[in-house]
Each structure stands twice: as structure tokens, then as C-alpha cells.
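S.K.: For reference, the file query.cif (mmCIF, C-alpha atoms) is included below:
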data_coords
#
loop_
_atom_site.label_atom_id
_atom_site.label_comp_id
_atom_site.auth_asym_id
_atom_site.auth_seq_id
_atom_site.Cartn_x
_atom_site.Cartn_y
_atom_site.Cartn_z
CA MET A 1 97.99 86.89 87.82
CA THR A 2 99.52 87.05 91.30
CA PHE A 3 101.08 89.86 93.32
CA SER A 4 103.95 90.26 95.72
CA PHE A 5 105.14 93.08 97.95
CA HIS A 6 108.59 94.57 97.91
CA PRO A 7 109.72 94.14 101.56
CA GLU A 8 109.73 97.91 102.15
CA ALA A 9 106.25 98.24 100.63
CA GLU A 10 104.95 95.51 102.93
CA LEU A 11 106.48 97.33 105.91
CA GLU A 12 104.84 100.61 104.80
CA PHE A 13 101.50 98.83 104.51
CA HIS A 14 101.70 97.43 108.04
CA GLU A 15 102.94 100.72 109.50
CA ALA A 16 99.99 102.55 107.93
CA ILE A 17 97.55 99.94 109.27
CA ASN A 18 99.00 100.42 112.76
CA TYR A 19 98.90 104.21 112.42
CA TYR A 20 95.19 104.21 111.52
CA GLU A 21 94.35 101.61 114.14
CA ASP A 22 96.05 103.77 116.79
CA ARG A 23 93.88 106.72 115.70
CA GLU A 24 90.59 104.84 115.83
CA ARG A 25 89.76 101.24 116.54
CA GLY A 26 88.80 99.49 113.30
CA LEU A 27 90.21 102.21 111.04
CA GLY A 28 93.38 100.20 110.41
CA TYR A 29 91.23 97.28 109.32
CA ASP A 30 89.24 99.57 107.02
CA PHE A 31 92.49 100.87 105.53
CA SER A 32 93.79 97.35 104.91
CA ILE A 33 90.53 96.37 103.18
CA GLU A 34 90.73 99.40 100.88
CA VAL A 35 94.38 98.74 99.97
CA LEU A 36 93.68 95.05 99.32
CA ALA A 37 90.67 96.00 97.16
CA SER A 38 92.95 98.29 95.14
CA ILE A 39 95.45 95.46 94.74
CA GLN A 40 92.68 93.11 93.60
CA ASN A 41 91.63 95.69 91.00
CA ILE A 42 95.25 95.94 89.86
CA VAL A 43 95.53 92.16 89.54
CA THR A 44 92.28 92.04 87.55
CA TYR A 45 93.03 95.08 85.33
CA PRO A 46 96.80 95.63 85.53
CA THR A 47 97.02 98.22 82.73
CA ALA A 48 94.03 100.31 83.81
CA TRP A 49 95.98 102.86 85.87
CA PRO A 50 98.25 105.61 84.59
CA VAL A 51 101.95 105.16 84.06
CA ILE A 52 103.91 107.42 86.43
CA GLY A 53 107.41 106.30 85.47
CA GLU A 54 109.22 103.77 83.37
CA ASP A 55 106.77 100.80 83.39
CA ILE A 56 105.48 101.91 86.82
CA ARG A 57 101.81 102.58 87.54
CA ARG A 58 99.83 103.94 90.48
CA CYS A 59 96.34 103.03 91.63
CA LEU A 60 94.72 105.36 94.15
CA VAL A 61 93.17 103.88 97.29
CA ASN A 62 89.55 104.76 98.12
CA ARG A 63 88.87 106.76 101.32
CA PHE A 64 92.55 107.21 102.23
CA PRO A 65 95.31 109.47 100.83
CA PHE A 66 97.38 106.54 99.54
CA GLY A 67 98.36 105.03 96.24
CA VAL A 68 99.61 101.55 95.38
CA VAL A 69 102.68 101.87 93.17
CA TYR A 70 103.38 98.76 91.10
CA SER A 71 105.02 97.25 88.07
CA ILE A 72 103.85 94.39 85.87
CA GLU A 73 106.36 91.54 85.72
CA GLN A 74 105.22 88.77 83.33
CA ASN A 75 102.53 86.98 85.42
CA ASP A 76 103.13 88.91 88.65
CA ILE A 77 102.32 92.36 89.96
CA SER A 78 105.19 93.74 92.00
CA ILE A 79 103.94 96.17 94.66
CA LEU A 80 106.75 98.71 95.04
CA ALA A 81 105.10 101.08 97.51
CA VAL A 82 101.97 101.71 99.53
CA MET A 83 102.57 105.41 99.35
CA HIS A 84 101.04 108.29 101.28
CA LEU A 85 100.22 110.84 98.59
CA ARG A 86 101.79 113.72 100.54
CA ARG A 87 105.14 111.95 100.88
CA HIS A 88 108.01 112.75 98.51
CA PRO A 89 106.81 111.16 95.26
CA ASP A 90 110.10 109.51 94.22
CA TYR A 91 111.27 107.91 97.49
CA TRP A 92 110.49 104.37 96.28
CA LYS A 93 112.33 104.54 92.93
CA ASN A 94 115.30 102.44 94.10
CA ARG A 95 113.02 99.46 94.79
CA HIS A 96 113.07 97.82 91.33
#
Show the structure stored in the file as C-alpha cells.

M.R.:
Amino acid sequence: MTFSFHPEAELEFHEAINYYEDRERGLGYDFSIEVLASIQNIVTYPTAWPVIGEDIRRCLVNRFPFGVVYSIEQNDISILAVMHLRRHPDYWKNRH
């Protein structure tokens, strides 16, 4: 199974990396590793995380207050959001 980012999700991911890197050198890298590890877990076990909407699931990221919101599309995982958990929970819903 493969994965792809919605363009806005990819932008969120890079903005969060830059935010953490600006706070502390290397922290952005650590964040990116944790998000990519979550995505690898999703690719390996796509149905392991709870459904939060119509065919939408969320996997929490270790060490950081983020979740990877995704849908399963045949042989592809579509990453809809790399979401800060304190952000409005439905902001990404128009990204299908």
C-alpha cells in the first residue's frame, strides 16, 4: 500500500516542521520522524485506528500533539490532514 498527501496536508506538515525547528534546532526533524513513523504504521495497519468520520480515521503522533487524518482509497492511503489536536477538529472536512 502507498500513501499520498492532500496538498493542504503536505503544507501543514512542512509548516509544523518549520515551527518546531524554529523553537529548537533538531526538533523539526524529530517531529517529521514521528509523523512519518505514524504514516508507516498507517500503511502497515490501515484499519487499526478509530474511525472519526465517514470512512476517515486518525492516528495520533507520538511525542507531539498531532494526529494524522486519513482515508483508505483502494491501494492508497490519502493523508487529509496533519492536524494539531487543539485546532478546530473539522477544518479539514472539505479535503475529500

S.K.: Run the PyMOL selection byres ((chain A and resi 9) around 10) on the file and write out the hits as a ChimeraX atom specification.

M.R.: /A:4-8,10-15,68-70,78-83,92,95

S.K.: Tell me, in Å to one decimal, how far atom CA of Asn75 of chain A is from atom CA of Glu34 of chain A.

M.R.: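 One can read the atom CA of Asn75 of chain A to atom CA of Glu34 of chain A distance as 23.1 Å.
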
S.K.: I need the residue set behind the PyMOL selection byres ((chain A and resi 66) around 9) for this file; please write it as a list in words.

M.R.: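 Expected selection for the PyMOL selection byres ((chain A and resi 66) around 9) here is Val35, Cys59, Leu60, Val61, Asn62, Arg63, Phe64, Pro65, Gly67, Val68, Val82, Met83, His84, Leu85 and Arg86 of chain A.
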
S.K.: From the list A:Thr47, A:Ser32, A:Ile77, A:Arg57, which residue is nearest Phe3 of chain A when using only C-alpha atoms?

M.R.: A:Ile77

S.K.: Can you work out which one of A:Met1, A:Ala16, A:Leu27, A:Ile56 has the shortest atom-to-atom distance to Thr44 of chain A, counting all atoms listed in the file?

M.R.: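 Under the stated criterion, the closest residue is A:Met1.
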
S.K.: Would you please work out which residue, of A:Ser71, A:Tyr19, A:Ile33, A:Gly28, is nearest to Pro50 of chain A when using all atoms listed in the file?

M.R.: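 Answer, going by the shortest atom-to-atom distance: A:Ser71.
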
S.K.: Could you state the separation of atom CA of Leu36 of chain A and atom CA of Thr2 of chain A in Å, given to one decimal place?

M.R.: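 The value is 12.7 Å.
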
S.K.: Can you work out the spacing between atom CA of Ile42 of chain A and atom CA of Ile72 of chain A in Å, to one decimal?

M.R.: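 If I compute the distance from atom CA of Ile42 of chain A to atom CA of Ile72 of chain A, I get 9.6 Å.
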
S.K.: May I have the centre and edge lengths, in Å to one decimal, of an axis-aligned box around the listed atoms of segment 55-59 of chain A with 4 Å added to every side, as lines of an AutoDock Vina configuration file?

M.R.:
center_x = 101.6
center_y = 102.4
center_z = 87.5
size_x = 18.4
size_y = 11.1
size_z = 16.2

S.K.: I'd like to know which of A:Asp76, A:Lys93, A:Asn18, A:Ala48 is closest to Phe31 of chain A, using only C-alpha atoms.

M.R.: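 Of the candidates, the smallest distance to Phe31 of chain A is held by A:Asn18.
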
S.K.: From the set A:Val43, A:Ser38, A:Ile52, A:Pro89, which residue has the shortest atom-to-atom contact distance to Gln74 of chain A, counting only C-alpha atoms?

M.R.: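 Answer, going by the shortest atom-to-atom distance: A:Val43.
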
S.K.: Missing atoms in segment 49-62 of chain A need filling: write out N, CA and C atoms for it as a PDB file, in the frame of the given file.

M.R.:
ATOM      1  N   TRP A  49      95.579 101.650  85.168  1.00  0.00           N
ATOM      2  CA  TRP A  49      95.980 102.860  85.870  1.00  0.00           C
ATOM      3  C   TRP A  49      97.135 103.539  85.157  1.00  0.00           C
ATOM      4  N   PRO A  50      97.257 104.842  85.355  1.00  0.00           N
ATOM      5  CA  PRO A  50      98.250 105.610  84.590  1.00  0.00           C
ATOM      6  C   PRO A  50      99.694 105.237  84.912  1.00  0.00           C
ATOM      7  N   VAL A  51     100.515 105.355  83.900  1.00  0.00           N
ATOM      8  CA  VAL A  51     101.950 105.160  84.060  1.00  0.00           C
ATOM      9  C   VAL A  51     102.518 106.427  84.689  1.00  0.00           C
ATOM     10  N   ILE A  52     103.315 106.258  85.750  1.00  0.00           N
ATOM     11  CA  ILE A  52     103.910 107.420  86.430  1.00  0.00           C
ATOM     12  C   ILE A  52     105.425 107.438  86.279  1.00  0.00           C
ATOM     13  N   GLY A  53     105.969 106.409  85.699  1.00  0.00           N
ATOM     14  CA  GLY A  53     107.410 106.300  85.470  1.00  0.00           C
ATOM     15  C   GLY A  53     107.636 105.174  84.492  1.00  0.00           C
ATOM     16  N   GLU A  54     108.867 104.819  84.309  1.00  0.00           N
ATOM     17  CA  GLU A  54     109.220 103.770  83.370  1.00  0.00           C
ATOM     18  C   GLU A  54     108.584 102.436  83.782  1.00  0.00           C
ATOM     19  N   ASP A  55     107.507 102.053  83.111  1.00  0.00           N
ATOM     20  CA  ASP A  55     106.770 100.800  83.390  1.00  0.00           C
ATOM     21  C   ASP A  55     106.241 100.717  84.818  1.00  0.00           C
ATOM     22  N   ILE A  56     106.007 101.856  85.449  1.00  0.00           N
ATOM     23  CA  ILE A  56     105.480 101.910  86.820  1.00  0.00           C
ATOM     24  C   ILE A  56     104.119 102.598  86.767  1.00  0.00           C
ATOM     25  N   ARG A  57     103.166 102.027  87.495  1.00  0.00           N
ATOM     26  CA  ARG A  57     101.810 102.580  87.540  1.00  0.00           C
ATOM     27  C   ARG A  57     101.402 102.832  88.986  1.00  0.00           C
ATOM     28  N   ARG A  58     100.351 103.657  89.139  1.00  0.00           N
ATOM     29  CA  ARG A  58      99.830 103.940  90.480  1.00  0.00           C
ATOM     30  C   ARG A  58      98.317 103.880  90.467  1.00  0.00           C
ATOM     31  N   CYS A  59      97.778 103.133  91.415  1.00  0.00           N
ATOM     32  CA  CYS A  59      96.340 103.030  91.630  1.00  0.00           C
ATOM     33  C   CYS A  59      96.019 103.719  92.951  1.00  0.00           C
ATOM     34  N   LEU A  60      95.100 104.660  92.926  1.00  0.00           N
ATOM     35  CA  LEU A  60      94.720 105.360  94.150  1.00  0.00           C
ATOM     36  C   LEU A  60      93.814 104.475  95.009  1.00  0.00           C
ATOM     37  N   VAL A  61      93.953 104.641  96.315  1.00  0.00           N
ATOM     38  CA  VAL A  61      93.170 103.880  97.290  1.00  0.00           C
ATOM     39  C   VAL A  61      91.938 104.705  97.663  1.00  0.00           C
ATOM     40  N   ASN A  62      90.780 104.073  97.697  1.00  0.00           N
ATOM     41  CA  ASN A  62      89.550 104.760  98.120  1.00  0.00           C
ATOM     42  C   ASN A  62      89.614 105.122  99.595  1.00  0.00           C
TER      43      ASN A  62
END
